[in-house]
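Colleague: What follows is a single structure, and I will ask about it in a moment.
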Amino acid sequence: MTYHIGQKLKGRITGIQPYGAFVMLDDHTQGLIHISECRSGVVHDLNHELQIGEEVVVTVLDIEQYTNKISLSLRQDNLTPTTTLPKNISLRKHFWTNNHLNYGFAPIAAHRDEWIAEALARIDQ
């Protein structure tokens with residue numbers, strides 16, 4: 001079976017490690033739920049959250065291109081379009097640059113003629 005990112009699947013927990021839980025999706029495919037994707041908040045021990053043999057519904061987060069390793073999430077099911085966000089959370093991305101000033105290539109263009117003349121003078125020497 002082929003899987004794609006965002007797909008919701010049923011699987012069975014086959015192993016629990018300190019870093020995450022392994023989920024058998026079909027007879028030949030296994031994925032990993034990283035400990036940070038088990039639920040919102042801090043998870044100290046996955047054995048308190050999940051049990052081997054438990055059936056879970058997971059969301060495919062990522063499929064590594066070369067190894068076909070599948071990253072899964074349990075907490076994505078809790079994020080629905082009807083979930084309301086607090087008013088002080090901004091969904092706009094903020095980049096720590098000066099792109100908002102719209103400089104573009106203006107500083108380079110302003111000095112271009114001067115730099116060309118200086119380079120030509122050095123070549124003539």
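Residue numbers start at 1 in each chain; chains themselves are named A, B, ... in the order of the structure tokens; ligands are numbered from 1 in the order shown.
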Report as a list in words all protein, DNA and RNA residues lying within 6 Å of Thr59 in chain A, evaluated on only C-alpha atoms, omitting residues in the same chain fewer than 3 positions from it.

Modeller: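 Contacts, in chain order: Gly6, Gln7, Lys8, Leu72 and Ser73 of chain A.
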
Colleague: Could you pull the residues within 10 Å of Gln51 in chain A, counting only C-alpha atoms, minus those fewer than 3 positions along the same chain, as a list in words?

Modeller: Arg12, Ile13, Thr14, Gly15, Ile16, Ala21, Leu46, Asn47, His48, Glu54 and Glu55 of chain A

Colleague: Just to confirm, what's the straight-line distance from CA of Glu37 in chain A to CA of Lys69 in chain A in Å (one decimal)?

Modeller: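 CA of Lys69 in chain A lies 15.7 Å from CA of Glu37 in chain A.
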